[in-house]
Structure formats: C-alpha cells, structure tokens
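Report on one structure; see the data block that follows.
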Amino acid sequence: MAQYLELLSYGETGWGDELIRGVLITIILAIATLPLGLLFGFFIAVAKNSSEPLLRNAAHIYTTIFRGLPELLTLFLIYYGGQMAMSALWMLVFGAEFEVNSFLAGIVALALVFSSYASETFLSAFKGISHGQYEGAYALGLNRGATMRLVILPQLIRLALPGLSNLWLNLLKDTSLVSVIGLSDLLRNTNIAVGVTKQAFFFFFVACLIYLLLSIISSLGLGRISNWAHRGQGGH
C-alpha cells in the first residue's frame with residue numbers, strides 16, 4: 001500500500017502532480033468545447049428547421065459527415081489537415097510556417113462532433129414546441145428574434161436538456177482522444193506514468209476512478225440544472 005501511495009505522491013518520485021495537471025487539462029478542454037458545440041449545434045438545428053432547402057441540405061450534409069466519421073479520424077483531419085492549410089496560408093501571407101496548437105485542434109474537432117449530435121437533440125426539441133407558441137407570440141406583437149429569445153429558447157432548453165446532458169458526459173470521455181496528438185491530458189499523463197513505472201493496472205485503474213468521479217460530479221450538477229429548468233412544471 002505504501003508503494004502505491006508513493007506513486008501518487010507529489011514530487012520527483014510520485015505522479016500525483018502529473019495526474020492532477022492532466023485532469024485540469026481534461027476539464028478545461030471539455031468546458032472550452034461545450035459552448036462552441038452548443039452554439040454550432042443550435043444554428044445547425046435552426047438550419048435544419050428552415051424552410052430554405054439550401055440551408056437544410058447543407059446542415060444535413062454537415063451532420064452526416066461528422067456523425068459518420070470516427071471521432072479520432074476527425075481529430076487527425078483537423079490537426080494535420082488544419083496544420084497544412086494554415087501553414088500554406090501563413091506562408092503565403094507572412095512568409096513563415098505556422099504550427100497548429102494541439103489544444104485548439106482538440107477543441108475544434110470535439111466541437112464539430114459534439115455539434116453534429118447536439119443539432120439532432122435541438123431539432124427534436126424544436127419539434128416538441130407546437131406551432132401555436134409561435135403564433136401566440138406573433139399575436140402579442142413579438143418579432144422573430146424576440147419570439148425565439150423569450151418564448152422558444154426557454155422551452156427548447158428544457159426539452160433538449162436530457163439529450164445534451166448525455167452528450168456532455170460523452171464529451172468528457174472523448175477528451176481522452178487528444179492524447180494521441182500530444183496534449184498532456186489525463187490519459188496521456190497516465191500512459192507516461194505506466195511507461196516509466198510499469199504499473200499499468202494501477203495507473204489505468206486510478207484513471208478509471210477519476211473519469212468516474214468526473215462523471216458523477218457532472219451528473220449531480222446536471223441534475224440540479226434539470227431541476228432548475230423544470231421549476232414550475234407539473235410533476236417536478
């Protein structure tokens with residue numbers, strides 16, 4: 001037991017500080033990705049719900065691509081493909097090479113995948129709002145923007161929250177993919193600790209416990225948000 005506690009201690013002989021830094025990177029990456037994914041997903045859902053065929057088709061193509069590709073492949077395409085494109089553009093404009101930051105690449109790739117699934121959740125929520133809600137708002141003199149902000153969005157959030165909660169938990173786990181492009185998240189630092197100490201089962205078990213703890217904390221927080229969103233609703 002003392003040996004394992006020493007492995008998790010801080011300092012030169014332990015890996016506790018590296019694991020903590022990895023956890024922080026994992027959390028920051030997930031939190032930074034969430035608003036982008038929600039924003040993209042919302043506008044994609046609006047496009048799918050549009051009466052304009054071009055917008056609907058473009059949105060469906062977007063979600064087909066990023067829901068169909070494996071998340072790891074999407075990450076590679078963004079990291080390496082984005083680096084090639086940005087390097088070529090940077091060289092053309094400034095005459096120097098440009099290197100894509102792995103953290104930024106991780107955010108973009110995860111946001112693209114998250115938004116493609118979130119758009120389906122938002123679209124289902126849109127369909128759960130009756131057309132009479134729009135007509136009632138227009139009858140009160142609200143324009144389209146005010147109707148969306150004051151009438152539709154509060155109901156949309158409440159209806160979409162269960163699906164978005166599941167997507168958040170998936171996003172939290174998908175952050176582990178960024179370890180393959182060199183970002184020092186929890187999984188990458190765990191792999192480094194395993195390589196040095198040869199204590200594979202112990203460190204992967206610790207990583208499992210940390211991911212489970214993050215999921216439990218998230219579930220508790222999401223439960224509170226759900227209770228807040230459903231305040232005043234019958235049966236809640």
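We name chains A, B, ... following the order of the structure tokens; residues begin at 1 in each chain, and ligands are numbered from 1 as shown.
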
Just the residues within 10 Å of Ile31 in chain A, please, counting only C-alpha atoms, with nothing from its chain fewer than 6 positions along; format it as a compact mmCIF listing (two decimals) with N, CA and C atoms, in the first residue's frame.
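File written: around_30.txt
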# COMPACT_ATOMS: atom_id res chain seq x y z
N ILE A 25 -6.37 19.72 -17.53
CA ILE A 25 -6.42 19.87 -18.99
C ILE A 25 -7.69 19.24 -19.53
N ILE A 107 -10.16 21.25 -29.40
CA ILE A 107 -11.41 21.97 -29.20
C ILE A 107 -12.25 21.96 -30.47
N TRP A 168 -22.82 15.77 -22.95
CA TRP A 168 -21.74 16.30 -22.12
C TRP A 168 -20.90 15.18 -21.53
N LEU A 171 -18.75 13.86 -24.18
CA LEU A 171 -17.67 14.80 -24.46
C LEU A 171 -16.56 14.67 -23.44
N LEU A 172 -16.94 14.52 -22.18
CA LEU A 172 -15.95 14.37 -21.12
C LEU A 172 -15.05 13.17 -21.36

>> Set the distance at 7 Å and use only C-alpha atoms: which residues neighbour range 147-158 of chain A once local chain neighbours fewer than 4 positions away are removed? I'd like the list as a ChimeraX atom specification.
In response: /A:125-126,134,137,142-143,229-230

Output C-alpha atoms for every residue in that selection, as a PDB file, in the first residue's frame.
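Dumped everything to selection14.pdb:
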ATOM      1  CA  ALA A 125     -36.743  19.832 -29.073  1.00  0.00           C
ATOM      2  CA  PHE A 126     -37.918  22.229 -31.799  1.00  0.00           C
ATOM      3  CA  TYR A 134     -45.050  30.991 -32.443  1.00  0.00           C
ATOM      4  CA  ALA A 137     -46.000  35.298 -29.692  1.00  0.00           C
ATOM      5  CA  LEU A 142     -43.171  39.983 -30.784  1.00  0.00           C
ATOM      6  CA  ASN A 143     -40.841  39.820 -33.770  1.00  0.00           C
ATOM      7  CA  ALA A 229     -35.063  24.182 -15.788  1.00  0.00           C
ATOM      8  CA  HIS A 230     -38.219  22.291 -14.799  1.00  0.00           C
TER       9      HIS A 230
END

>> What's the separation between CA of Thr175 in chain A and CA of Ala88 in chain A, in Å to one decimal place?
In response: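 Spanning CA of Thr175 in chain A to CA of Ala88 in chain A is a straight-line distance of 28.1 Å.
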
> If we count only C-alpha atoms, what is near range 76-84 of chain A at a cut-off of 9 Å, once residues fewer than 4 positions away on the same chain are taken out, given as an MDAnalysis selection string?
Replying inline: chainID A and resid 71:72 88:89 98:102 104:106 108:109 180:181
